[in-house]
>>> print(open('model_30.tsv').read())   # TSV, C-alpha atoms
chain	number	residue	atom	x	y	z
A	1	MET	CA	-72.15	-259.37	-153.52
A	2	THR	CA	-68.48	-259.13	-152.62
A	3	LEU	CA	-65.81	-261.81	-152.86
A	4	THR	CA	-65.94	-262.31	-149.09
A	5	ALA	CA	-69.44	-263.78	-149.48
A	6	LEU	CA	-68.29	-266.56	-151.81
A	7	SER	CA	-67.64	-270.06	-150.57
A	8	THR	CA	-64.31	-271.46	-151.72
A	9	PRO	CA	-62.92	-272.83	-153.92
A	10	ALA	CA	-64.52	-270.52	-156.48
A	11	LEU	CA	-63.67	-269.63	-160.06
A	12	LEU	CA	-63.43	-265.91	-160.69
A	13	VAL	CA	-63.50	-264.28	-164.12
A	14	GLU	CA	-62.31	-260.68	-164.14
A	15	GLN	CA	-64.81	-258.85	-166.33
A	16	SER	CA	-62.45	-256.22	-167.78
A	17	ARG	CA	-59.80	-258.78	-168.76
A	18	LEU	CA	-62.38	-261.06	-170.33
A	19	GLN	CA	-63.77	-258.22	-172.42
A	20	ALA	CA	-60.28	-257.21	-173.54
A	21	ASN	CA	-59.47	-260.81	-174.54
A	22	LEU	CA	-62.70	-261.14	-176.53
A	23	ALA	CA	-62.04	-257.88	-178.35
A	24	ALA	CA	-58.39	-258.65	-179.12
A	25	MET	CA	-59.10	-262.01	-180.78
A	26	GLN	CA	-62.00	-260.65	-182.81
A	27	ASP	CA	-59.77	-257.81	-183.97
A	28	LEU	CA	-57.10	-260.33	-185.02
A	29	ALA	CA	-59.66	-262.31	-187.02
A	30	ASP	CA	-61.00	-259.20	-188.72
A	31	ALA	CA	-57.51	-257.94	-189.58
A	32	ASN	CA	-56.66	-261.26	-191.25
A	33	ASP	CA	-60.01	-261.66	-193.02
A	34	VAL	CA	-60.84	-264.95	-191.31
A	35	ALA	CA	-63.90	-266.17	-189.47
A	36	LEU	CA	-63.51	-266.57	-185.73
A	37	ARG	CA	-65.14	-269.81	-184.60
A	38	PRO	CA	-64.10	-270.00	-180.92
A	39	HIS	CA	-63.64	-273.34	-179.22
A	40	VAL	CA	-66.04	-273.34	-176.28
A	41	LYS	CA	-64.48	-276.32	-174.49
A	42	THR	CA	-62.46	-273.73	-172.55
A	43	HIS	CA	-65.49	-272.26	-170.81
A	44	LYS	CA	-68.48	-274.51	-171.67
A	45	SER	CA	-70.69	-271.56	-170.75
A	46	VAL	CA	-73.67	-270.36	-172.78
A	47	PRO	CA	-73.54	-266.76	-171.45
A	48	LEU	CA	-69.88	-266.47	-172.39
A	49	ALA	CA	-70.50	-267.93	-175.85
A	50	GLN	CA	-73.26	-265.40	-176.35
A	51	ARG	CA	-70.74	-262.63	-175.71
A	52	GLN	CA	-68.37	-264.16	-178.23
A	53	ARG	CA	-71.17	-264.16	-180.79
A	54	GLN	CA	-72.05	-260.55	-179.98
A	55	ARG	CA	-68.42	-259.62	-180.67
A	56	GLY	CA	-68.59	-261.17	-184.14
A	57	ALA	CA	-67.82	-264.88	-183.78
A	58	GLU	CA	-69.21	-266.91	-186.69
A	59	GLY	CA	-70.34	-270.21	-185.20
A	60	LEU	CA	-68.81	-272.25	-182.41
A	61	THR	CA	-66.31	-275.08	-182.13
A	62	VAL	CA	-66.98	-277.93	-179.71
A	63	ALA	CA	-65.14	-281.09	-178.73
A	64	THR	CA	-68.01	-283.43	-177.89
A	65	VAL	CA	-71.52	-284.32	-178.98
A	66	GLN	CA	-72.86	-283.24	-175.59
A	67	GLU	CA	-71.29	-279.81	-176.03
A	68	ALA	CA	-72.95	-279.60	-179.45
A	69	GLU	CA	-76.32	-280.51	-177.96
A	70	THR	CA	-75.95	-277.98	-175.15
A	71	PHE	CA	-75.18	-275.05	-177.43
A	72	VAL	CA	-77.76	-275.95	-180.09
A	73	ASP	CA	-80.37	-276.15	-177.31
A	74	ALA	CA	-79.27	-272.64	-176.30
A	75	GLY	CA	-79.97	-271.30	-179.80
A	76	PHE	CA	-76.59	-271.48	-181.53
A	77	GLU	CA	-77.09	-272.40	-185.17
A	78	ASN	CA	-73.63	-273.23	-186.50
A	79	ILE	CA	-71.61	-275.87	-184.66
A	80	ARG	CA	-68.37	-277.54	-185.70
A	81	VAL	CA	-67.19	-280.63	-183.82
A	82	ALA	CA	-63.41	-280.49	-184.10
A	83	TYR	CA	-63.06	-284.17	-183.30
A	84	PRO	CA	-63.22	-287.37	-185.37
A	85	ILE	CA	-66.72	-288.56	-184.45
A	86	THR	CA	-67.02	-292.35	-184.37
A	87	GLY	CA	-69.99	-294.58	-183.52
A	88	ARG	CA	-73.51	-294.69	-184.88
A	89	ASN	CA	-75.06	-293.39	-181.66
A	90	LYS	CA	-73.00	-290.20	-181.70
A	91	HIS	CA	-73.67	-289.59	-185.37
A	92	GLU	CA	-77.39	-290.09	-184.86
A	93	ARG	CA	-77.35	-287.54	-182.04
A	94	LEU	CA	-75.57	-285.05	-184.30
A	95	ARG	CA	-77.97	-285.79	-187.15
A	96	ALA	CA	-80.89	-284.98	-184.83
A	97	LEU	CA	-79.43	-281.51	-184.26
A	98	ARG	CA	-79.50	-280.64	-187.97
A	99	ASP	CA	-83.15	-279.57	-187.79
A	100	ASP	CA	-82.00	-276.59	-185.71
A	101	ALA	CA	-78.39	-275.96	-186.68
A	102	THR	CA	-75.69	-276.43	-189.30
A	103	ILE	CA	-73.47	-279.25	-188.05
A	104	SER	CA	-70.02	-280.25	-189.26
A	105	PHE	CA	-67.34	-282.58	-187.95
A	106	THR	CA	-63.96	-284.07	-188.85
A	107	VAL	CA	-62.74	-287.41	-190.12
A	108	ASP	CA	-59.18	-288.59	-190.63
A	109	THR	CA	-59.67	-292.14	-191.94
A	110	VAL	CA	-61.59	-293.79	-194.74
A	111	THR	CA	-63.25	-296.05	-192.17
A	112	GLY	CA	-64.45	-293.05	-190.21
A	113	ALA	CA	-65.86	-291.44	-193.34
A	114	GLU	CA	-67.67	-294.64	-194.33
A	115	GLN	CA	-69.20	-294.98	-190.86
A	116	ALA	CA	-70.48	-291.42	-191.10
A	117	SER	CA	-71.90	-291.98	-194.57
A	118	ALA	CA	-73.93	-294.93	-193.30
A	119	VAL	CA	-75.82	-292.55	-191.00
A	120	TYR	CA	-76.22	-289.51	-193.26
A	121	ALA	CA	-76.73	-291.19	-196.66
A	122	ASP	CA	-80.52	-290.90	-196.47
A	123	ALA	CA	-80.61	-287.58	-194.62
A	124	GLY	CA	-81.63	-285.51	-197.62
A	125	ALA	CA	-78.94	-282.83	-197.50
A	126	PRO	CA	-75.33	-283.95	-197.08
A	127	VAL	CA	-73.44	-283.11	-193.90
A	128	ASP	CA	-70.26	-281.04	-194.04
A	129	VAL	CA	-67.08	-282.98	-193.23
A	130	LEU	CA	-63.55	-281.64	-192.81
A	131	ILE	CA	-60.39	-283.72	-193.06
A	132	GLU	CA	-58.30	-283.44	-189.93
A	133	VAL	CA	-54.63	-282.78	-190.70
A	134	ASP	CA	-51.65	-283.34	-188.43
A	135	VAL	CA	-49.30	-280.37	-188.88
A	136	GLY	CA	-46.81	-281.57	-186.27
A	137	HIS	CA	-48.65	-282.30	-183.03
A	138	GLY	CA	-48.62	-286.04	-183.67
A	139	ARG	CA	-52.19	-286.68	-182.53
A	140	CYS	CA	-55.09	-287.45	-184.89
A	141	GLY	CA	-55.06	-286.42	-188.51
A	142	VAL	CA	-53.51	-287.25	-191.87
A	143	HIS	CA	-49.90	-286.11	-191.74
A	144	TRP	CA	-49.43	-282.89	-193.68
A	145	SER	CA	-46.52	-284.33	-195.67
A	146	ASP	CA	-48.52	-287.37	-196.86
A	147	THR	CA	-50.42	-285.63	-199.62
A	148	ALA	CA	-51.17	-288.96	-201.32
A	149	ALA	CA	-53.05	-290.17	-198.23
A	150	ALA	CA	-54.87	-286.86	-197.96
A	151	GLY	CA	-55.88	-287.10	-201.61
A	152	THR	CA	-57.11	-290.67	-201.25
A	153	LEU	CA	-59.24	-289.74	-198.22
A	154	ALA	CA	-60.57	-286.60	-199.89
A	155	HIS	CA	-61.63	-288.47	-203.04
A	156	ARG	CA	-63.32	-291.13	-200.92
A	157	ILE	CA	-65.27	-288.57	-198.88
A	158	ALA	CA	-66.35	-286.80	-202.07
A	159	SER	CA	-67.69	-290.11	-203.43
A	160	LEU	CA	-69.68	-291.13	-200.36
A	161	PRO	CA	-73.42	-290.45	-200.14
A	162	GLY	CA	-74.51	-288.11	-197.37
A	163	LEU	CA	-71.14	-286.35	-197.03
A	164	ARG	CA	-69.81	-283.11	-198.47
A	165	LEU	CA	-66.11	-282.40	-198.24
A	166	ALA	CA	-66.12	-278.86	-196.85
A	167	GLY	CA	-62.50	-278.28	-195.92
A	168	ILE	CA	-59.47	-279.25	-193.89
A	169	LEU	CA	-58.87	-278.59	-190.19
A	170	THR	CA	-55.95	-278.78	-187.77
A	171	HIS	CA	-54.84	-278.05	-184.22
A	172	ALA	CA	-51.19	-277.08	-183.83
A	173	GLY	CA	-50.82	-278.54	-180.36
A	174	GLN	CA	-47.06	-278.62	-180.76
A	175	ALA	CA	-47.10	-274.90	-179.98
A	176	TYR	CA	-47.47	-275.92	-176.34
A	177	ASP	CA	-44.04	-277.55	-176.43
A	178	GLY	CA	-42.40	-274.13	-176.15
A	179	PRO	CA	-38.98	-273.12	-177.45
A	180	SER	CA	-36.43	-275.58	-178.74
A	181	ASP	CA	-32.68	-275.21	-179.08
A	182	GLU	CA	-31.80	-271.52	-178.79
A	183	GLU	CA	-35.22	-270.10	-179.60
A	184	THR	CA	-36.93	-267.39	-177.61
A	185	GLU	CA	-40.59	-267.79	-176.65
A	186	ALA	CA	-41.58	-265.37	-179.41
A	187	GLU	CA	-39.53	-267.22	-182.02
A	188	ALA	CA	-41.12	-270.54	-181.00
A	189	LEU	CA	-44.62	-269.11	-181.38
A	190	HIS	CA	-43.81	-267.67	-184.80
A	191	ARG	CA	-42.35	-271.00	-185.93
A	192	ALA	CA	-45.38	-272.99	-184.77
A	193	SER	CA	-47.80	-270.49	-186.27
A	194	ARG	CA	-45.95	-270.40	-189.59
A	195	HIS	CA	-45.84	-274.20	-189.79
A	196	GLU	CA	-49.55	-274.47	-188.99
A	197	ARG	CA	-50.51	-272.01	-191.72
A	198	ASP	CA	-48.06	-273.05	-194.43
A	199	ARG	CA	-48.49	-276.79	-193.99
A	200	MET	CA	-52.26	-276.47	-194.24
A	201	LEU	CA	-51.95	-274.39	-197.40
A	202	SER	CA	-49.62	-276.99	-198.90
A	203	VAL	CA	-52.21	-279.71	-198.22
A	204	VAL	CA	-55.12	-277.82	-199.74
A	205	SER	CA	-52.98	-276.93	-202.76
A	206	ALA	CA	-52.14	-280.61	-203.22
A	207	LEU	CA	-55.83	-281.56	-203.02
A	208	ALA	CA	-56.62	-279.04	-205.73
A	209	GLU	CA	-53.83	-280.44	-207.93
A	210	ALA	CA	-55.30	-283.92	-207.38
A	211	ASP	CA	-58.63	-282.68	-208.80
A	212	VAL	CA	-60.61	-283.45	-205.66
A	213	PRO	CA	-64.19	-282.28	-206.36
A	214	GLY	CA	-65.06	-279.00	-204.69
A	215	VAL	CA	-61.52	-278.03	-203.71
A	216	THR	CA	-61.44	-274.48	-205.00
A	217	PRO	CA	-60.49	-271.30	-203.10
A	218	ASP	CA	-64.14	-270.44	-202.57
A	219	PRO	CA	-65.84	-271.93	-200.57
A	220	PHE	CA	-63.39	-274.64	-199.46
A	221	GLU	CA	-62.37	-274.06	-195.86
A	222	VAL	CA	-58.91	-274.02	-194.29
A	223	SER	CA	-59.45	-274.06	-190.53
A	224	ILE	CA	-56.65	-273.64	-187.99
A	225	GLY	CA	-56.50	-272.73	-184.38
A	226	SER	CA	-54.72	-272.76	-181.08
A	227	THR	CA	-54.36	-269.83	-178.74
A	228	PRO	CA	-50.54	-269.87	-178.78
A	229	THR	CA	-50.28	-269.84	-182.58
A	230	MET	CA	-52.81	-267.03	-182.79
A	231	ALA	CA	-50.31	-264.86	-180.89
A	232	ALA	CA	-48.19	-264.85	-184.07
A	233	PHE	CA	-50.76	-265.51	-186.81
A	234	GLU	CA	-50.60	-263.67	-190.12
A	235	ASN	CA	-52.66	-264.88	-193.04
A	236	THR	CA	-51.17	-265.42	-196.48
A	237	GLU	CA	-52.12	-266.92	-199.85
A	238	ARG	CA	-50.95	-269.94	-201.82
A	239	ASP	CA	-52.40	-270.90	-205.20
A	240	GLY	CA	-55.44	-268.78	-204.40
A	241	PHE	CA	-56.08	-270.47	-201.03
A	242	ARG	CA	-55.94	-268.69	-197.68
A	243	VAL	CA	-56.74	-269.62	-194.11
A	244	THR	CA	-60.48	-269.06	-193.80
A	245	GLU	CA	-61.14	-269.76	-190.12
A	246	ILE	CA	-59.43	-269.66	-186.72
A	247	ARG	CA	-60.64	-271.67	-183.71
A	248	PRO	CA	-58.78	-270.59	-180.53
A	249	GLY	CA	-60.41	-271.40	-177.21
A	250	ASN	CA	-58.15	-270.60	-174.28
A	251	TYR	CA	-57.83	-266.92	-175.28
A	252	VAL	CA	-61.00	-265.96	-173.41
A	253	MET	CA	-59.33	-266.77	-170.09
A	254	HIS	CA	-55.62	-267.32	-170.72
A	255	ASP	CA	-53.72	-269.13	-167.96
A	256	ALA	CA	-50.27	-269.79	-166.55
A	257	MET	CA	-49.38	-271.98	-169.55
A	258	GLN	CA	-50.13	-269.17	-171.99
A	259	ALA	CA	-48.11	-266.72	-169.90
A	260	ALA	CA	-45.16	-269.13	-169.74
A	261	LEU	CA	-45.27	-269.61	-173.52
A	262	GLY	CA	-45.30	-265.86	-174.11
A	263	ALA	CA	-48.70	-266.09	-175.81
A	264	ALA	CA	-50.18	-263.74	-173.20
A	265	ALA	CA	-49.08	-261.61	-170.30
A	266	LEU	CA	-50.00	-262.66	-166.80
A	267	GLY	CA	-52.11	-259.51	-166.69
A	268	ASP	CA	-54.25	-260.93	-169.53
A	269	CYS	CA	-55.35	-263.90	-167.42
A	270	ALA	CA	-59.03	-263.43	-166.66
A	271	LEU	CA	-59.49	-266.64	-164.66
A	272	THR	CA	-58.29	-267.12	-161.10
A	273	VAL	CA	-59.18	-269.57	-158.37
A	274	LEU	CA	-60.23	-268.08	-155.05
A	275	THR	CA	-59.13	-270.44	-152.29
A	276	THR	CA	-58.88	-270.51	-148.48
A	277	VAL	CA	-55.99	-271.56	-146.26
A	278	ILE	CA	-57.23	-274.55	-144.23
A	279	SER	CA	-54.00	-275.38	-142.41
A	280	THR	CA	-50.44	-274.16	-141.88
A	281	GLN	CA	-47.68	-276.50	-140.72
A	282	ASN	CA	-43.97	-276.41	-139.99
A	283	LYS	CA	-42.70	-279.85	-140.96
A	284	PRO	CA	-39.69	-281.65	-139.42
A	285	ASP	CA	-37.70	-281.12	-142.61
A	286	GLY	CA	-37.91	-277.38	-142.00
A	287	MET	CA	-40.49	-276.74	-144.70
A	288	ALA	CA	-43.20	-274.24	-143.85
A	289	ARG	CA	-46.39	-275.15	-145.65
A	290	ALA	CA	-49.86	-273.75	-146.20
A	291	PHE	CA	-52.65	-276.00	-147.37
A	292	VAL	CA	-55.59	-274.60	-149.32
A	293	ASP	CA	-58.99	-275.98	-150.30
A	294	ALA	CA	-58.22	-276.14	-154.03
A	295	GLY	CA	-56.57	-279.38	-155.07
A	296	LYS	CA	-56.20	-281.28	-158.32
A	297	LYS	CA	-59.98	-281.34	-158.88
A	298	VAL	CA	-59.79	-277.56	-159.21
A	299	LEU	CA	-56.28	-276.59	-160.24
A	300	THR	CA	-55.50	-279.83	-162.17
A	301	THR	CA	-52.11	-281.49	-162.36
A	302	ASP	CA	-51.48	-280.24	-165.91
A	303	THR	CA	-48.15	-278.56	-166.47
A	304	GLY	CA	-46.66	-277.05	-169.59
A	305	ALA	CA	-43.46	-275.69	-171.05
A	306	SER	CA	-41.80	-273.31	-168.57
A	307	THR	CA	-44.56	-273.51	-165.98
A	308	ASN	CA	-43.35	-273.74	-162.40
A	309	GLY	CA	-45.60	-275.77	-160.14
A	310	TYR	CA	-49.37	-276.20	-160.37
A	311	GLY	CA	-50.47	-272.61	-160.72
A	312	LEU	CA	-49.28	-269.15	-159.72
A	313	ALA	CA	-50.25	-267.81	-156.29
A	314	LEU	CA	-50.83	-264.06	-156.44
A	315	ALA	CA	-49.68	-261.45	-153.97
A	316	ASP	CA	-52.03	-258.90	-155.51
A	317	ALA	CA	-54.85	-259.91	-157.85
A	318	ALA	CA	-55.53	-256.35	-159.00
A	319	SER	CA	-52.03	-255.98	-160.46
A	320	MET	CA	-51.60	-259.73	-161.08
A	321	GLN	CA	-48.34	-259.82	-159.14
A	322	PRO	CA	-47.10	-263.32	-158.25
A	323	HIS	CA	-46.34	-263.93	-154.58
A	324	PRO	CA	-42.57	-264.31	-154.20
A	325	GLY	CA	-42.91	-266.44	-151.09
A	326	LEU	CA	-45.51	-268.97	-152.19
A	327	HIS	CA	-45.13	-271.93	-154.51
A	328	VAL	CA	-47.90	-274.41	-155.43
A	329	ASP	CA	-45.70	-277.48	-155.52
A	330	ARG	CA	-48.07	-280.37	-154.83
A	331	LEU	CA	-51.75	-281.24	-155.20
A	332	SER	CA	-53.93	-283.95	-153.77
A	333	GLU	CA	-57.61	-284.27	-154.58
A	334	GLU	CA	-58.95	-281.53	-152.31
A	335	HIS	CA	-55.70	-280.00	-151.04
A	336	GLY	CA	-53.29	-277.58	-152.62
A	337	TRP	CA	-49.83	-277.79	-151.03
A	338	LEU	CA	-47.99	-274.48	-150.91
A	339	SER	CA	-44.45	-274.07	-149.68
A	340	MET	CA	-43.78	-270.78	-147.90
A	341	THR	CA	-40.67	-268.69	-147.44
A	342	ASP	CA	-40.14	-265.90	-144.93
A	343	THR	CA	-41.90	-263.41	-147.22
A	344	ALA	CA	-45.19	-265.30	-146.85
A	345	ASP	CA	-47.32	-264.84	-143.77
A	346	LEU	CA	-50.42	-266.97	-144.19
A	347	THR	CA	-52.68	-268.18	-141.44
A	348	VAL	CA	-55.78	-270.37	-141.31
A	349	GLY	CA	-58.74	-268.59	-142.87
A	350	ASP	CA	-56.70	-266.37	-145.16
A	351	ARG	CA	-57.80	-266.25	-148.78
A	352	LEU	CA	-55.68	-265.99	-151.88
A	353	ARG	CA	-56.06	-266.23	-155.63
A	354	ILE	CA	-54.19	-268.65	-157.88
A	355	VAL	CA	-53.86	-268.51	-161.66
A	356	PRO	CA	-54.35	-272.11	-162.86
A	357	ASN	CA	-51.96	-273.69	-165.32
A	358	HIS	CA	-54.74	-274.91	-167.61
A	359	ALA	CA	-57.99	-272.96	-167.63
A	360	CYS	CA	-59.90	-275.46	-169.77
A	361	VAL	CA	-59.57	-278.34	-167.31
A	362	THR	CA	-60.13	-276.10	-164.29
A	363	VAL	CA	-63.45	-274.85	-165.67
A	364	ALA	CA	-64.60	-278.30	-166.81
A	365	ASN	CA	-64.52	-279.55	-163.22
A	366	GLN	CA	-66.69	-276.78	-161.75
A	367	ASP	CA	-70.34	-275.73	-161.94
A	368	THR	CA	-70.10	-271.95	-161.85
A	369	LEU	CA	-68.09	-268.97	-163.06
A	370	HIS	CA	-68.28	-265.85	-160.90
A	371	VAL	CA	-67.79	-262.71	-162.95
A	372	VAL	CA	-66.03	-260.08	-160.87
A	373	ASP	CA	-65.14	-256.42	-161.09
A	374	GLY	CA	-62.42	-255.92	-158.51
A	375	PRO	CA	-63.90	-256.95	-155.14
A	376	SER	CA	-67.47	-257.15	-156.45
A	377	VAL	CA	-69.25	-260.16	-157.92
A	378	VAL	CA	-71.26	-258.78	-160.84
A	379	GLY	CA	-72.53	-261.99	-162.40
A	380	THR	CA	-72.78	-265.75	-162.05
A	381	TRP	CA	-72.62	-267.95	-165.14
A	382	PRO	CA	-73.23	-271.69	-165.28
A	383	VAL	CA	-70.67	-274.06	-166.79
A	384	SER	CA	-73.46	-275.22	-169.07
A	385	ALA	CA	-71.83	-278.22	-170.76
A	386	ARG	CA	-69.98	-279.60	-167.76
A	387	GLY	CA	-69.47	-283.34	-167.98
A	388	GLY	CA	-69.51	-283.53	-171.74
>>> encode(input="model_30.tsv", output="structure tokens")
Amino acid sequence: MTLTALSTPALLVEQSRLQANLAAMQDLADANDVALRPHVKTHKSVPLAQRQRQRGAEGLTVATVQEAETFVDAGFENIRVAYPITGRNKHERLRALRDDATISFTVDTVTGAEQASAVYADAGAPVDVLIEVDVGHGRCGVHWSDTAAAGTLAHRIASLPGLRLAGILTHAGQAYDGPSDEETEAEALHRASRHERDRMLSVVSALAEADVPGVTPDPFEVSIGSTPTMAAFENTERDGFRVTEIRPGNYVMHDAMQAALGAAALGDCALTVLTTVISTQNKPDGMARAFVDAGKKVLTTDTGASTNGYGLALADAASMQPHPGLHVDRLSEEHGWLSMTDTADLTVGDRLRIVPNHACVTVANQDTLHVVDGPSVVGTWPVSARGG
């Protein structure tokens, strides 16, 4: 099948770029002596996760119970839910998966730990729990500087029936903020990556000093991960502890956000949206516009540091050259609004490819990934965990 046979909008994954991205991250993990546990919320696709495992990934990271169920059903045997699971129903669903897989999840409050214990106390073998740490993003997690709070939570988890304190975990989402002050993109990535690593090592060192049971360099886990911080990651040691695991997700695809941050080149972006021009108009204000059949349900309204518009329209998908005369400046539900300059010559029925700002959200809203090799469609993969 060729691209011309596809109905639009369609998600295309360039096979060669995907393979290069998979290899590069596995090489980084191997060079730093860490396990790669990729976050599959980016692609939600069993066939793609199988390729990550074939490359050397050790387990998977998921964001939801439904994602955990989907990948356990597909035969994956080591699943980490990088999310503070709350509610008896969700814990019971996770507990049911333990007959077929090793399951772990995070907590960041004593209340959350006690709720989990109530479900797993009579389960026979304890479930692995990791404390979520906030290293600067400001979302969930015990703040890295509050070692007293981390120690209190760790001691409580260690005392609760049904739970085993297995490690600490973070997501350095502040890396998506981009440079501050006079920083370059590269300097910002190095700063965020250094903070993520060093702040986590300071927390685990403090837990060891507080005599939390089980907090020794082996096997206690120090789990970090975001695609931008991986662009500058170098492991190190403090008091015998090292980072043991990385959990990037977006790296399989990359997107316009990663390119704007300097975490990837535009040529590394494996995911594009194939879309069709449905209308062209010259408006009274003098603006020439093209409208395409990929709106916010496909491209999403997410923007990030240094992104310009709602995706990058390409002049040439083979060389990943942006189109100088097209700008994706508005989205409605089913319409992408592109402004055109004199260098753009689009007409109704023309097709173009757009690199989305945020690959994870783009994929989550679609059913299918079309794997392509240039103009040929060489595979079709389901978005297996869509909706969860």
>>> residues_near_point(input="model_30.tsv", point="(-56.2, -265.7, -142.3)", cutoff="10 Å", atoms="only C-alpha atoms", output="compact mmCIF listing (two decimals) with C-alpha atoms, in the frame of the given file")
# COMPACT_ATOMS: atom_id res chain seq x y z
CA THR A 276 -58.88 -270.51 -148.48
CA VAL A 277 -55.99 -271.56 -146.26
CA ILE A 278 -57.23 -274.55 -144.23
CA SER A 279 -54.00 -275.38 -142.41
CA ASP A 345 -47.32 -264.84 -143.77
CA LEU A 346 -50.42 -266.97 -144.19
CA THR A 347 -52.68 -268.18 -141.44
CA VAL A 348 -55.78 -270.37 -141.31
CA GLY A 349 -58.74 -268.59 -142.87
CA ASP A 350 -56.70 -266.37 -145.16
CA ARG A 351 -57.80 -266.25 -148.78
CA LEU A 352 -55.68 -265.99 -151.88
>>> residues_around(input="model_30.tsv", residues="segment 12-23 of chain A", least_positions_apart="6", cutoff="9 Å", atoms="all atoms listed in the file", output="PyMOL selection string")
chain A and resi 51-52+55+251-254+267-274+353+369-374+377-378
>>> closest_residue(input="model_30.tsv", among="A:Val212, A:Ile224, A:His358, A:Val204", to="Ala192 of chain A", atoms="only C-alpha atoms")
A:Ile224
>>> residues_around(input="model_30.tsv", residues="Ala305 of chain A", least_positions_apart="4", cutoff="8 Å", atoms="all atoms listed in the file", output="MDAnalysis selection string")
chainID A and resid 176:178 257 260:261
>>> residues_around(input="model_30.tsv", residues="Asp302 of chain A", least_positions_apart="6", cutoff="10 Å", atoms="all atoms listed in the file", output="PyMOL selection string")
chain A and resi 257+296+309-311+356-359+361-362
>>> atom_distance(input="model_30.tsv", atom1="atom CA of His143 of chain A", atom2="atom CA of Ser223 of chain A")
15.4 Å
>>> residues_around(input="model_30.tsv", residues="Val46 of chain A", least_positions_apart="6", cutoff="10 Å", atoms="all atoms listed in the file", output="PyMOL selection string")
chain A and resi 40+52+70-71+73-76+381-385
>>> closest_residue(input="model_30.tsv", among="A:Arg53, A:Arg238, A:Arg80, A:His195", to="Arg98 of chain A", atoms="all atoms listed in the file")
A:Arg80
